[in-house]
>>> print(open('my_file.cif').read())   # mmCIF, C-alpha atoms
data_work
#
loop_
_atom_site.label_atom_id
_atom_site.label_comp_id
_atom_site.auth_asym_id
_atom_site.auth_seq_id
_atom_site.Cartn_x
_atom_site.Cartn_y
_atom_site.Cartn_z
CA MET G 1 142.50 129.73 73.36
CA ASP G 2 139.26 127.71 73.58
CA GLU G 3 140.47 125.29 70.93
CA PHE G 4 143.91 124.83 72.47
CA LEU G 5 142.37 124.09 75.88
CA LEU G 6 139.81 121.68 74.40
CA THR G 7 142.59 119.69 72.71
CA GLN G 8 144.50 119.55 75.99
CA VAL G 9 141.41 118.45 77.94
CA ILE G 10 140.85 115.50 75.59
CA ASN G 11 144.55 114.63 75.88
CA TYR G 12 145.02 115.01 79.64
CA GLY G 13 141.47 114.59 80.98
CA ALA G 14 140.06 115.55 84.38
CA PRO G 15 143.33 116.77 86.03
CA LEU G 16 143.76 119.41 83.34
CA LEU G 17 140.09 120.35 83.63
CA GLY G 18 140.73 120.87 87.35
CA ILE G 19 143.74 123.11 86.65
CA ILE G 20 141.74 125.21 84.15
CA VAL G 21 138.82 125.85 86.53
CA PHE G 22 141.26 126.50 89.41
CA VAL G 23 143.07 129.17 87.37
CA GLY G 24 139.68 130.53 86.30
CA GLY G 25 138.65 130.69 89.98
CA LEU G 26 141.75 132.79 90.67
CA GLY G 27 140.40 135.30 88.19
CA VAL G 28 142.41 134.58 85.06
CA PRO G 29 139.99 135.10 82.15
CA LEU G 30 139.77 131.59 80.70
CA PRO G 31 136.75 130.20 78.83
CA CYS G 32 135.87 127.97 81.79
CA THR G 33 132.13 127.68 81.08
CA VAL G 34 132.83 126.52 77.51
CA ILE G 35 135.28 123.93 78.84
CA VAL G 36 132.80 122.69 81.48
CA ILE G 37 130.02 122.26 78.89
CA ALA G 38 132.46 120.49 76.56
CA ALA G 39 133.61 118.26 79.44
CA GLY G 40 129.99 117.16 79.88
CA ALA G 41 129.90 116.20 76.20
CA PHE G 42 133.23 114.36 76.56
CA ALA G 43 131.78 112.44 79.50
CA ARG G 44 128.92 111.32 77.26
CA GLN G 45 131.49 110.09 74.74
CA ASP G 46 133.33 108.21 77.53
CA ILE G 47 136.42 110.39 77.10
CA LEU G 48 136.09 111.54 80.74
CA SER G 49 134.58 109.87 83.77
CA TRP G 50 131.88 112.34 84.84
CA GLU G 51 132.16 111.49 88.54
CA VAL G 52 135.93 112.09 88.67
CA ALA G 53 135.73 115.19 86.43
CA ALA G 54 132.93 116.72 88.52
CA LEU G 55 134.68 116.05 91.83
CA ILE G 56 138.06 117.39 90.68
CA SER G 57 136.43 120.47 89.11
CA ILE G 58 134.36 121.38 92.15
CA VAL G 59 137.29 120.98 94.57
CA SER G 60 139.65 122.94 92.27
CA VAL G 61 137.31 125.83 91.54
CA VAL G 62 136.34 126.24 95.21
CA ILE G 63 140.05 126.37 96.16
CA GLY G 64 140.63 128.96 93.39
CA ASP G 65 137.69 131.06 94.61
CA SER G 66 138.88 130.84 98.22
CA ILE G 67 142.34 132.06 97.22
CA SER G 68 140.85 135.02 95.33
CA TYR G 69 138.70 135.73 98.43
CA SER G 70 141.93 135.77 100.44
CA PHE G 71 143.43 138.36 98.04
CA GLY G 72 140.57 140.65 99.01
CA TYR G 73 140.75 139.71 102.68
CA TYR G 74 144.48 140.42 103.04
CA SER G 75 144.30 143.67 101.13
CA ARG G 76 141.46 144.78 103.46
CA ASP G 77 143.73 146.91 105.67
CA LYS G 78 145.11 148.83 102.71
CA VAL G 79 141.63 149.40 101.27
CA LEU G 80 140.19 150.41 104.66
CA SER G 81 143.01 152.88 105.33
CA ARG G 82 142.04 154.62 102.12
CA PHE G 83 138.25 154.35 102.02
CA SER G 84 136.98 153.52 105.52
CA SER G 85 136.24 157.17 106.33
CA SER G 86 133.97 157.59 103.28
CA PRO G 87 130.22 157.05 103.81
CA GLN G 88 130.11 155.24 100.44
CA TRP G 89 132.36 152.51 101.82
CA ALA G 90 130.08 151.95 104.81
CA LYS G 91 127.13 151.81 102.41
CA ALA G 92 128.95 149.34 100.17
CA GLU G 93 129.79 147.10 103.14
CA GLU G 94 126.22 147.20 104.34
CA SER G 95 124.77 146.44 100.94
CA PHE G 96 127.25 143.58 100.42
CA ARG G 97 126.22 142.10 103.76
CA LYS G 98 122.63 142.17 102.45
CA TRP G 99 123.18 141.07 98.85
CA GLY G 100 126.47 139.19 99.25
CA PRO G 101 125.07 135.66 99.56
CA LEU G 102 122.91 136.06 96.46
CA SER G 103 125.66 137.67 94.43
CA ILE G 104 128.18 134.97 95.45
CA PHE G 105 125.74 132.18 94.53
CA PHE G 106 124.54 133.57 91.18
CA SER G 107 127.92 134.87 90.01
CA ARG G 108 129.24 131.29 90.12
CA PHE G 109 127.12 130.15 87.18
CA LEU G 110 124.77 132.82 85.85
CA VAL G 111 126.89 135.97 85.59
CA THR G 112 130.40 134.53 85.73
CA ALA G 113 131.89 137.80 84.46
CA ILE G 114 131.46 139.33 87.93
CA ALA G 115 132.71 136.30 89.90
CA LEU G 116 136.20 137.74 90.54
CA PRO G 117 135.02 141.20 91.69
CA VAL G 118 132.50 139.45 93.98
CA ASN G 119 135.27 137.24 95.48
CA LEU G 120 137.52 140.24 96.07
CA LEU G 121 134.70 142.33 97.48
CA SER G 122 133.68 139.47 99.80
CA GLY G 123 137.19 139.42 101.25
CA THR G 124 137.63 143.18 101.40
CA THR G 125 134.28 143.86 103.09
CA GLY G 126 135.01 141.18 105.68
CA PHE G 127 132.17 138.90 104.56
CA PRO G 128 132.54 135.79 106.78
CA PHE G 129 134.62 133.11 105.02
CA ARG G 130 132.43 130.23 106.20
CA LYS G 131 129.38 131.84 104.64
CA PHE G 132 131.34 132.65 101.49
CA PHE G 133 132.52 129.04 101.29
CA VAL G 134 129.01 127.60 101.60
CA TYR G 135 127.44 129.89 98.94
CA ASP G 136 130.47 129.44 96.70
CA LEU G 137 130.30 125.65 97.00
CA PHE G 138 126.58 125.52 96.17
CA GLY G 139 127.01 127.92 93.26
CA GLU G 140 129.90 125.92 91.83
CA ILE G 141 127.96 122.66 92.21
CA VAL G 142 125.16 124.22 90.14
CA TRP G 143 127.74 125.43 87.60
CA ILE G 144 129.53 122.09 87.21
CA PHE G 145 126.47 119.83 87.29
CA GLY G 146 124.15 122.26 85.48
CA TYR G 147 126.45 123.28 82.65
CA GLY G 148 128.31 119.97 82.51
CA GLY G 149 124.92 118.25 82.55
CA LEU G 150 123.78 120.32 79.57
CA GLY G 151 126.93 119.27 77.71
CA TYR G 152 126.23 115.65 78.62
CA LEU G 153 122.60 115.95 77.56
CA PHE G 154 123.29 117.55 74.19
CA GLY G 155 126.55 115.68 73.45
CA SER G 156 128.11 116.69 70.15
CA GLN G 157 125.79 119.72 69.90
CA TRP G 158 127.43 121.23 73.00
CA GLU G 159 128.85 124.16 70.98
CA LEU G 160 125.36 125.56 70.39
CA VAL G 161 124.49 125.12 74.07
CA SER G 162 127.68 126.95 75.00
CA GLU G 163 126.93 129.78 72.56
CA PHE G 164 123.43 130.14 73.97
CA MET G 165 124.51 130.06 77.62
CA GLY G 166 127.36 132.54 77.04
CA ASN G 167 125.02 135.04 75.42
CA PHE G 168 122.31 134.42 77.99
CA GLY G 169 124.80 135.23 80.76
CA GLY G 170 125.70 138.47 78.96
CA ALA G 171 122.01 139.40 78.70
CA VAL G 172 121.53 138.72 82.43
CA LEU G 173 124.52 140.96 83.22
CA GLY G 174 122.92 143.65 81.03
CA ALA G 175 119.63 143.24 82.90
CA ILE G 176 121.41 143.64 86.26
CA ILE G 177 123.15 146.85 85.11
CA PHE G 178 119.88 148.14 83.62
CA ILE G 179 117.91 147.42 86.82
CA PHE G 180 120.68 149.09 88.85
CA GLY G 181 120.45 152.15 86.59
CA ILE G 182 116.65 152.29 86.82
CA LYS G 183 116.84 151.98 90.62
CA GLN G 184 119.28 154.87 90.74
CA VAL G 185 116.97 156.97 88.52
CA TRP G 186 114.11 156.15 90.91
CA ASN G 187 116.20 157.21 93.93
CA TRP G 188 117.22 160.36 92.10
CA GLN G 189 113.57 161.26 91.44
CA GLU G 190 112.72 160.58 95.10
CA LYS G 191 115.55 162.88 96.21
CA LYS G 192 114.31 165.54 93.80
CA LYS G 193 110.80 165.29 95.27
CA MET G 194 112.13 165.53 98.83
CA LEU G 195 114.27 168.54 98.01
CA SER G 196 111.39 170.35 96.32
CA MET G 197 109.13 169.84 99.36
CA MET U 1 118.47 166.17 104.23
CA PRO U 2 119.52 164.20 101.11
CA LYS U 3 122.22 165.66 98.87
CA PRO U 4 121.11 166.57 95.34
CA VAL U 5 122.43 164.32 92.54
CA ASN U 6 125.37 166.03 90.86
CA SER U 7 126.00 166.00 87.12
CA LYS U 8 128.74 163.35 87.38
CA GLN U 9 126.38 160.95 89.18
CA ARG U 10 123.61 161.76 86.70
CA PHE U 11 125.90 160.89 83.79
CA PHE U 12 126.95 157.63 85.47
CA ILE U 13 123.33 156.62 86.11
CA ILE U 14 122.18 157.39 82.55
CA ALA U 15 125.27 155.77 81.01
CA SER U 16 124.84 152.57 83.05
CA THR U 17 121.13 152.36 82.13
CA ILE U 18 121.91 152.76 78.41
CA PHE U 19 124.85 150.35 78.64
CA GLY U 20 122.65 147.76 80.36
CA CYS U 21 120.02 148.19 77.64
CA LEU U 22 122.64 147.72 74.91
CA LEU U 23 124.01 144.60 76.61
CA ILE U 24 120.50 143.12 76.85
CA LEU U 25 119.88 143.84 73.16
CA PHE U 26 123.24 142.57 71.94
CA PHE U 27 123.46 139.38 74.00
CA GLY U 28 119.71 138.79 73.95
CA LEU U 29 119.62 138.78 70.14
CA ARG U 30 122.67 136.53 69.99
CA ALA U 31 121.08 134.16 72.52
CA ILE U 32 117.86 134.05 70.47
CA HIS U 33 119.92 133.41 67.33
CA ALA U 34 121.77 130.53 69.05
CA PHE U 35 118.48 129.13 70.30
CA MET U 36 116.95 129.24 66.81
CA LYS U 37 120.02 127.48 65.39
CA PHE U 38 119.71 124.90 68.09
CA LYS U 39 116.03 124.38 67.40
CA GLY U 40 116.79 124.20 63.67
CA HIS U 41 117.30 121.26 61.43
CA ARG U 42 119.94 119.37 63.34
CA PRO U 43 120.01 115.59 63.24
CA PRO U 44 118.84 114.03 66.51
CA GLN U 45 121.57 113.57 69.08
CA PRO U 46 122.60 109.90 69.31
CA ALA U 47 122.03 108.30 72.69
CA PRO U 48 125.07 107.20 74.74
CA GLY U 49 126.62 104.17 73.06
CA GLN U 50 125.13 105.00 69.67
CA ILE U 51 127.42 105.86 66.78
CA GLU U 52 127.83 109.50 65.71
CA THR U 53 127.47 109.72 61.93
CA ASP U 54 127.46 113.47 61.19
CA VAL U 55 131.01 114.23 60.02
CA GLU U 56 130.24 117.96 59.94
CA LEU U 57 130.71 117.93 63.72
CA ILE U 58 134.47 117.36 63.33
CA ARG U 59 136.50 120.38 64.43
CA GLU U 60 140.09 121.50 63.97
CA TRP U 61 140.86 121.11 67.71
CA MET U 62 139.99 117.41 67.78
CA THR U 63 142.70 114.75 67.92
CA ILE U 64 142.72 111.50 65.95
CA PRO U 65 142.05 109.23 69.00
CA PHE U 66 139.13 111.48 69.96
CA ILE U 67 137.61 111.39 66.47
CA ALA U 68 138.17 107.63 66.27
CA ARG U 69 136.29 107.18 69.51
CA MET U 70 133.52 109.58 68.58
CA TYR U 71 132.80 107.86 65.26
CA TYR U 72 133.75 104.30 66.27
CA VAL U 73 136.41 104.12 63.57
CA PRO U 74 139.76 102.38 64.25
CA GLU U 75 142.53 104.95 64.73
CA LYS U 76 144.64 103.10 62.16
CA VAL U 77 142.07 103.86 59.45
CA LEU U 78 142.42 107.59 60.10
CA TYR U 79 146.23 107.56 60.36
CA ASP U 80 146.38 105.55 57.13
CA ALA U 81 144.07 108.04 55.42
CA LEU U 82 146.39 110.88 56.48
CA ASP U 83 149.46 108.77 55.75
CA ILE U 84 151.15 109.80 59.02
CA PRO U 85 152.72 107.75 61.84
CA PRO U 86 150.39 107.32 64.85
CA ARG U 87 152.91 107.44 67.67
CA GLU U 88 154.04 111.06 67.53
CA ASN U 89 150.68 112.41 66.37
CA ARG U 90 148.33 111.08 69.03
CA ASP U 91 148.17 114.33 71.00
CA LYS U 92 148.08 116.68 68.04
CA SER U 93 144.94 118.41 66.88
CA LEU U 94 143.84 118.26 63.25
CA GLU U 95 145.02 121.85 62.89
CA GLU U 96 148.51 120.95 64.11
CA ILE U 97 148.62 117.88 61.86
CA ASN U 98 147.56 120.02 58.91
CA LYS U 99 150.24 122.62 59.65
CA GLU U 100 152.92 119.96 60.00
CA TYR U 101 152.10 117.57 57.17
CA PHE U 102 149.99 119.57 54.71
CA PRO U 103 151.20 123.15 55.13
CA ARG U 104 150.23 124.14 51.60
CA SER U 105 146.65 122.90 51.65
CA ASP U 106 144.47 124.41 54.31
CA GLY U 107 141.95 122.00 55.85
CA LEU U 108 143.17 118.96 53.92
CA ALA U 109 143.68 116.86 57.06
CA MET U 110 140.07 117.41 58.04
CA GLN U 111 138.81 116.56 54.57
CA LEU U 112 140.82 113.32 54.52
CA VAL U 113 139.55 112.34 57.96
CA LYS U 114 135.94 113.06 56.97
CA ALA U 115 136.31 111.02 53.78
CA ALA U 116 137.88 108.10 55.70
CA ILE U 117 135.03 108.10 58.24
CA LEU U 118 132.36 108.22 55.54
CA ALA U 119 134.06 105.39 53.67
CA HIS U 120 134.27 103.35 56.86
CA GLN U 121 130.67 103.81 57.89
CA PRO U 122 128.33 100.93 57.04
CA PRO U 123 125.98 101.74 54.15
CA PRO U 124 122.57 102.84 55.30
CA THR U 125 120.19 99.92 55.46
CA ALA U 126 117.42 100.16 52.92
CA VAL U 127 113.96 100.53 54.38
CA LEU U 128 111.83 97.60 53.26
CA PRO U 129 108.69 98.55 51.34
CA LEU U 130 105.52 98.07 53.26
CA THR U 131 103.63 94.91 52.37
CA PRO U 132 100.15 95.84 51.12
CA LEU U 133 97.32 94.55 53.22
CA PRO U 134 94.69 92.39 51.49
CA PRO U 135 91.47 94.24 50.69
CA LEU U 136 88.86 94.11 53.36
CA THR U 137 86.24 91.43 52.80
CA PRO U 138 82.70 92.72 53.31
CA LEU U 139 81.01 91.34 56.39
CA PRO U 140 77.95 89.14 55.82
CA PRO U 141 74.68 90.90 56.58
CA LEU U 142 73.38 90.43 60.08
CA THR U 143 70.58 87.89 60.39
CA PRO U 144 67.65 89.28 62.33
CA VAL U 145 67.18 87.64 65.71
CA PRO U 146 63.67 86.24 66.20
CA PRO U 147 61.74 87.99 68.96
CA VAL U 148 61.75 86.18 72.28
CA THR U 149 58.34 84.72 73.00
CA PRO U 150 57.29 84.77 76.63
#
>>> encode(input="my_file.cif", output="structure tokens")
Amino acid sequence: MDEFLLTQVINYGAPLLGIIVFVGGLGVPLPCTVIVIAAGAFARQDILSWEVAALISIVSVVIGDSISYSFGYYSRDKVLSRFSSSPQWAKAEESFRKWGPLSIFFSRFLVTAIALPVNLLSGTTGFPFRKFFVYDLFGEIVWIFGYGGLGYLFGSQWELVSEFMGNFGGAVLGAIIFIFGIKQVWNWQEKKKMLSM
Amino acid sequence: MPKPVNSKQRFFIIASTIFGCLLILFFGLRAIHAFMKFKGHRPPQPAPGQIETDVELIREWMTIPFIARMYYVPEKVLYDALDIPPRENRDKSLEEINKEYFPRSDGLAMQLVKAAILAHQPPPTAVLPLTPLPPLTPLPPLTPVPPVTP
């Protein structure tokens, strides 16, 4: 898939790059980060104009993210009718209100694997769209300019950069799950202490 | 009063902690490996406008116009090396060209392109030997300055 898309990006340029990141923003699992890093390298080789590619990509991916937010938003009633009575749902809503901005921002470029669940959750929990839009836009700007910039900086060695960043993102996701687990163990011990008192 | 943690929750917590640990190990090691490769013995990246010379960077997904641009080689040279018409093959990757024109020899298109680029590259300019410096001539001994009389 990566190779097919790379060939098409060098053939059709920035518009196709825009379509790829838009579809990725909708939640279709495409190797968008690889393509963005490669696009940076193509810009260095004058295959793409970096200004046009960056602008088209940012606009497209933000539209894609907004649509996936709307999927969550419009399915809110269905979800609420099923879960709204559970205390876990209220807790989830509360914790998303607290951590939502950070998770929206960082899932755009650091832990892209959770970007779609974050978009859907933002919509379902009624996280304000304006706020979502702002954090999404800033996160995507970091993604496009940061990762595309790395591709531009390292040119034909972009494949190694992409390999490193992909694995680094996986390790960060692992760290988040691990920290979550440790926090739960901590809470569990606290509960145990309270119950034994 | 908090509810005690049931066995299902306990399993979920332990499983997620172990899973997180495994992810860190797996991706962390791969990231370190990629970093070491990156830090390894790669030729320096040419600056924008400079010619790429390392033909090992050619990949199966690249098209002829892309390779021509990357290595500053006329497209015609590459099409001639492959002995294929340019018009209908501009958008095809090396892999597609290989499948279509050289189905029996895997990777031949890439080999031909690499050979054509290497043949087209200017020969490396020889580094001129350093001209030896003449031996240092010893300085004449310093003549003592007569003391200043008041």
>>> closest_atom_pairs(input="my_file.cif", of="chain G", to="chain U", cutoff="9 Å", atoms="all atoms listed in the file", output="Markdown table")
| residue | atom | partner | partner_atom | distance |
| --- | --- | --- | --- | --- |
| G:Asp2 | CA | U:Trp61 | CA | 9.0 |
| G:Glu3 | CA | U:Trp61 | CA | 5.3 |
| G:Phe4 | CA | U:Trp61 | CA | 6.8 |
| G:Leu5 | CA | U:Trp61 | CA | 8.8 |
| G:Leu6 | CA | U:Trp61 | CA | 6.8 |
| G:Thr7 | CA | U:Trp61 | CA | 5.5 |
| G:Gln8 | CA | U:Asp91 | CA | 8.1 |
| G:Ile10 | CA | U:Phe66 | CA | 7.1 |
| G:Asn11 | CA | U:Asp91 | CA | 6.1 |
| G:Arg44 | CA | U:Pro48 | CA | 6.2 |
| G:Gln45 | CA | U:Met70 | CA | 6.5 |
| G:Asp46 | CA | U:Arg69 | CA | 8.6 |
| G:Ile47 | CA | U:Phe66 | CA | 7.7 |
| G:Leu153 | CA | U:Gln45 | CA | 8.9 |
| G:Phe154 | CA | U:Gln45 | CA | 6.7 |
| G:Gly155 | CA | U:Gln45 | CA | 7.0 |
| G:Ser156 | CA | U:Leu57 | CA | 7.0 |
| G:Gln157 | CA | U:Gln45 | CA | 7.5 |
| G:Leu160 | CA | U:Phe38 | CA | 6.1 |
| G:Val161 | CA | U:Phe38 | CA | 7.7 |
| G:Glu163 | CA | U:Ala34 | CA | 6.3 |
| G:Phe164 | CA | U:Ala31 | CA | 4.9 |
| G:Met165 | CA | U:Ala31 | CA | 7.4 |
| G:Gly166 | CA | U:Ala31 | CA | 7.9 |
| G:Asn167 | CA | U:Phe27 | CA | 4.8 |
| G:Phe168 | CA | U:Ala31 | CA | 5.6 |
| G:Gly169 | CA | U:Phe27 | CA | 8.0 |
| G:Gly170 | CA | U:Phe27 | CA | 5.5 |
| G:Ala171 | CA | U:Ile24 | CA | 4.4 |
| G:Val172 | CA | U:Ile24 | CA | 7.2 |
| G:Leu173 | CA | U:Leu23 | CA | 7.6 |
| G:Gly174 | CA | U:Gly20 | CA | 4.2 |
| G:Ala175 | CA | U:Gly20 | CA | 6.0 |
| G:Ile176 | CA | U:Gly20 | CA | 7.3 |
| G:Ile177 | CA | U:Gly20 | CA | 4.9 |
| G:Phe178 | CA | U:Gly20 | CA | 4.3 |
| G:Ile179 | CA | U:Thr17 | CA | 7.5 |
| G:Phe180 | CA | U:Thr17 | CA | 7.5 |
| G:Gly181 | CA | U:Thr17 | CA | 4.5 |
| G:Ile182 | CA | U:Thr17 | CA | 6.5 |
| G:Gln184 | CA | U:Ile13 | CA | 6.4 |
| G:Val185 | CA | U:Ile13 | CA | 6.8 |
| G:Trp188 | CA | U:Val5 | CA | 6.6 |
| G:Lys191 | CA | U:Pro2 | CA | 6.4 |
| G:Lys192 | CA | U:Pro4 | CA | 7.0 |
| G:Met194 | CA | U:Pro2 | CA | 7.8 |
| G:Leu195 | CA | U:Pro2 | CA | 7.5 |
>>> atom_distance(input="my_file.cif", atom1="atom CA of Ile84 of chain U", atom2="atom CA of Phe42 of chain G")
25.5 Å
>>> atom_distance(input="my_file.cif", atom1="atom CA of Ser70 of chain G", atom2="atom CA of Gly123 of chain G")
6.0 Å
>>> atom_distance(input="my_file.cif", atom1="atom CA of Pro74 of chain U", atom2="atom CA of Lys114 of chain U")
13.5 Å
>>> decode(input="my_file.cif", residues="segment 94-118 of chain G", atoms="N, CA and C atoms", output="PDB file, in the first residue's frame")
ATOM      1  N   GLU G  94     -16.360  13.315  32.042  1.00  0.00           N
ATOM      2  CA  GLU G  94     -15.639  14.257  32.895  1.00  0.00           C
ATOM      3  C   GLU G  94     -14.135  14.202  32.596  1.00  0.00           C
ATOM      4  N   SER G  95     -13.639  12.975  32.477  1.00  0.00           N
ATOM      5  CA  SER G  95     -12.193  12.863  32.241  1.00  0.00           C
ATOM      6  C   SER G  95     -11.842  13.336  30.831  1.00  0.00           C
ATOM      7  N   PHE G  96     -12.759  13.188  29.868  1.00  0.00           N
ATOM      8  CA  PHE G  96     -12.447  13.695  28.520  1.00  0.00           C
ATOM      9  C   PHE G  96     -12.453  15.222  28.500  1.00  0.00           C
ATOM     10  N   ARG G  97     -13.336  15.811  29.323  1.00  0.00           N
ATOM     11  CA  ARG G  97     -13.361  17.270  29.409  1.00  0.00           C
ATOM     12  C   ARG G  97     -12.003  17.780  29.936  1.00  0.00           C
ATOM     13  N   LYS G  98     -11.429  16.978  30.858  1.00  0.00           N
ATOM     14  CA  LYS G  98     -10.157  17.372  31.472  1.00  0.00           C
ATOM     15  C   LYS G  98      -8.976  17.103  30.524  1.00  0.00           C
ATOM     16  N   TRP G  99      -8.949  15.897  29.977  1.00  0.00           N
ATOM     17  CA  TRP G  99      -7.786  15.480  29.170  1.00  0.00           C
ATOM     18  C   TRP G  99      -7.997  15.628  27.663  1.00  0.00           C
ATOM     19  N   GLY G 100      -9.219  15.963  27.259  1.00  0.00           N
ATOM     20  CA  GLY G 100      -9.541  16.053  25.834  1.00  0.00           C
ATOM     21  C   GLY G 100      -8.589  16.915  25.018  1.00  0.00           C
ATOM     22  N   PRO G 101      -8.365  18.176  25.442  1.00  0.00           N
ATOM     23  CA  PRO G 101      -7.493  19.033  24.630  1.00  0.00           C
ATOM     24  C   PRO G 101      -6.107  18.420  24.389  1.00  0.00           C
ATOM     25  N   LEU G 102      -5.532  17.874  25.466  1.00  0.00           N
ATOM     26  CA  LEU G 102      -4.200  17.271  25.319  1.00  0.00           C
ATOM     27  C   LEU G 102      -4.241  16.056  24.396  1.00  0.00           C
ATOM     28  N   SER G 103      -5.264  15.220  24.597  1.00  0.00           N
ATOM     29  CA  SER G 103      -5.323  14.007  23.779  1.00  0.00           C
ATOM     30  C   SER G 103      -5.601  14.340  22.320  1.00  0.00           C
ATOM     31  N   ILE G 104      -6.405  15.382  22.060  1.00  0.00           N
ATOM     32  CA  ILE G 104      -6.653  15.780  20.658  1.00  0.00           C
ATOM     33  C   ILE G 104      -5.335  16.251  20.051  1.00  0.00           C
ATOM     34  N   PHE G 105      -4.638  17.133  20.760  1.00  0.00           N
ATOM     35  CA  PHE G 105      -3.398  17.722  20.221  1.00  0.00           C
ATOM     36  C   PHE G 105      -2.330  16.644  19.947  1.00  0.00           C
ATOM     37  N   PHE G 106      -2.054  15.806  20.969  1.00  0.00           N
ATOM     38  CA  PHE G 106      -0.955  14.845  20.809  1.00  0.00           C
ATOM     39  C   PHE G 106      -1.301  13.667  19.897  1.00  0.00           C
ATOM     40  N   SER G 107      -2.601  13.334  19.810  1.00  0.00           N
ATOM     41  CA  SER G 107      -2.940  12.197  18.936  1.00  0.00           C
ATOM     42  C   SER G 107      -2.861  12.583  17.459  1.00  0.00           C
ATOM     43  N   ARG G 108      -2.697  13.869  17.170  1.00  0.00           N
ATOM     44  CA  ARG G 108      -2.558  14.279  15.761  1.00  0.00           C
ATOM     45  C   ARG G 108      -1.210  13.887  15.193  1.00  0.00           C
ATOM     46  N   PHE G 109      -0.169  13.888  16.048  1.00  0.00           N
ATOM     47  CA  PHE G 109       1.176  13.649  15.493  1.00  0.00           C
ATOM     48  C   PHE G 109       2.013  12.640  16.284  1.00  0.00           C
ATOM     49  N   LEU G 110       1.749  12.502  17.584  1.00  0.00           N
ATOM     50  CA  LEU G 110       2.619  11.637  18.372  1.00  0.00           C
ATOM     51  C   LEU G 110       2.085  10.211  18.465  1.00  0.00           C
ATOM     52  N   VAL G 111       0.802  10.076  18.746  1.00  0.00           N
ATOM     53  CA  VAL G 111       0.197   8.734  18.855  1.00  0.00           C
ATOM     54  C   VAL G 111      -0.974   8.691  17.879  1.00  0.00           C
ATOM     55  N   THR G 112      -0.655   8.653  16.598  1.00  0.00           N
ATOM     56  CA  THR G 112      -1.698   8.775  15.574  1.00  0.00           C
ATOM     57  C   THR G 112      -2.659   7.583  15.573  1.00  0.00           C
ATOM     58  N   ALA G 113      -2.231   6.481  16.181  1.00  0.00           N
ATOM     59  CA  ALA G 113      -3.087   5.285  16.221  1.00  0.00           C
ATOM     60  C   ALA G 113      -4.394   5.556  16.977  1.00  0.00           C
ATOM     61  N   ILE G 114      -4.381   6.522  17.899  1.00  0.00           N
ATOM     62  CA  ILE G 114      -5.607   6.764  18.683  1.00  0.00           C
ATOM     63  C   ILE G 114      -6.369   8.008  18.189  1.00  0.00           C
ATOM     64  N   ALA G 115      -5.949   8.543  17.026  1.00  0.00           N
ATOM     65  CA  ALA G 115      -6.593   9.773  16.533  1.00  0.00           C
ATOM     66  C   ALA G 115      -8.088   9.571  16.272  1.00  0.00           C
ATOM     67  N   LEU G 116      -8.445   8.461  15.605  1.00  0.00           N
ATOM     68  CA  LEU G 116      -9.866   8.238  15.289  1.00  0.00           C
ATOM     69  C   LEU G 116     -10.708   8.048  16.548  1.00  0.00           C
ATOM     70  N   PRO G 117     -10.301   7.161  17.490  1.00  0.00           N
ATOM     71  CA  PRO G 117     -11.109   7.053  18.719  1.00  0.00           C
ATOM     72  C   PRO G 117     -11.252   8.391  19.440  1.00  0.00           C
ATOM     73  N   VAL G 118     -10.190   9.215  19.417  1.00  0.00           N
ATOM     74  CA  VAL G 118     -10.257  10.526  20.086  1.00  0.00           C
ATOM     75  C   VAL G 118     -11.278  11.421  19.372  1.00  0.00           C
TER      76      VAL G 118
END
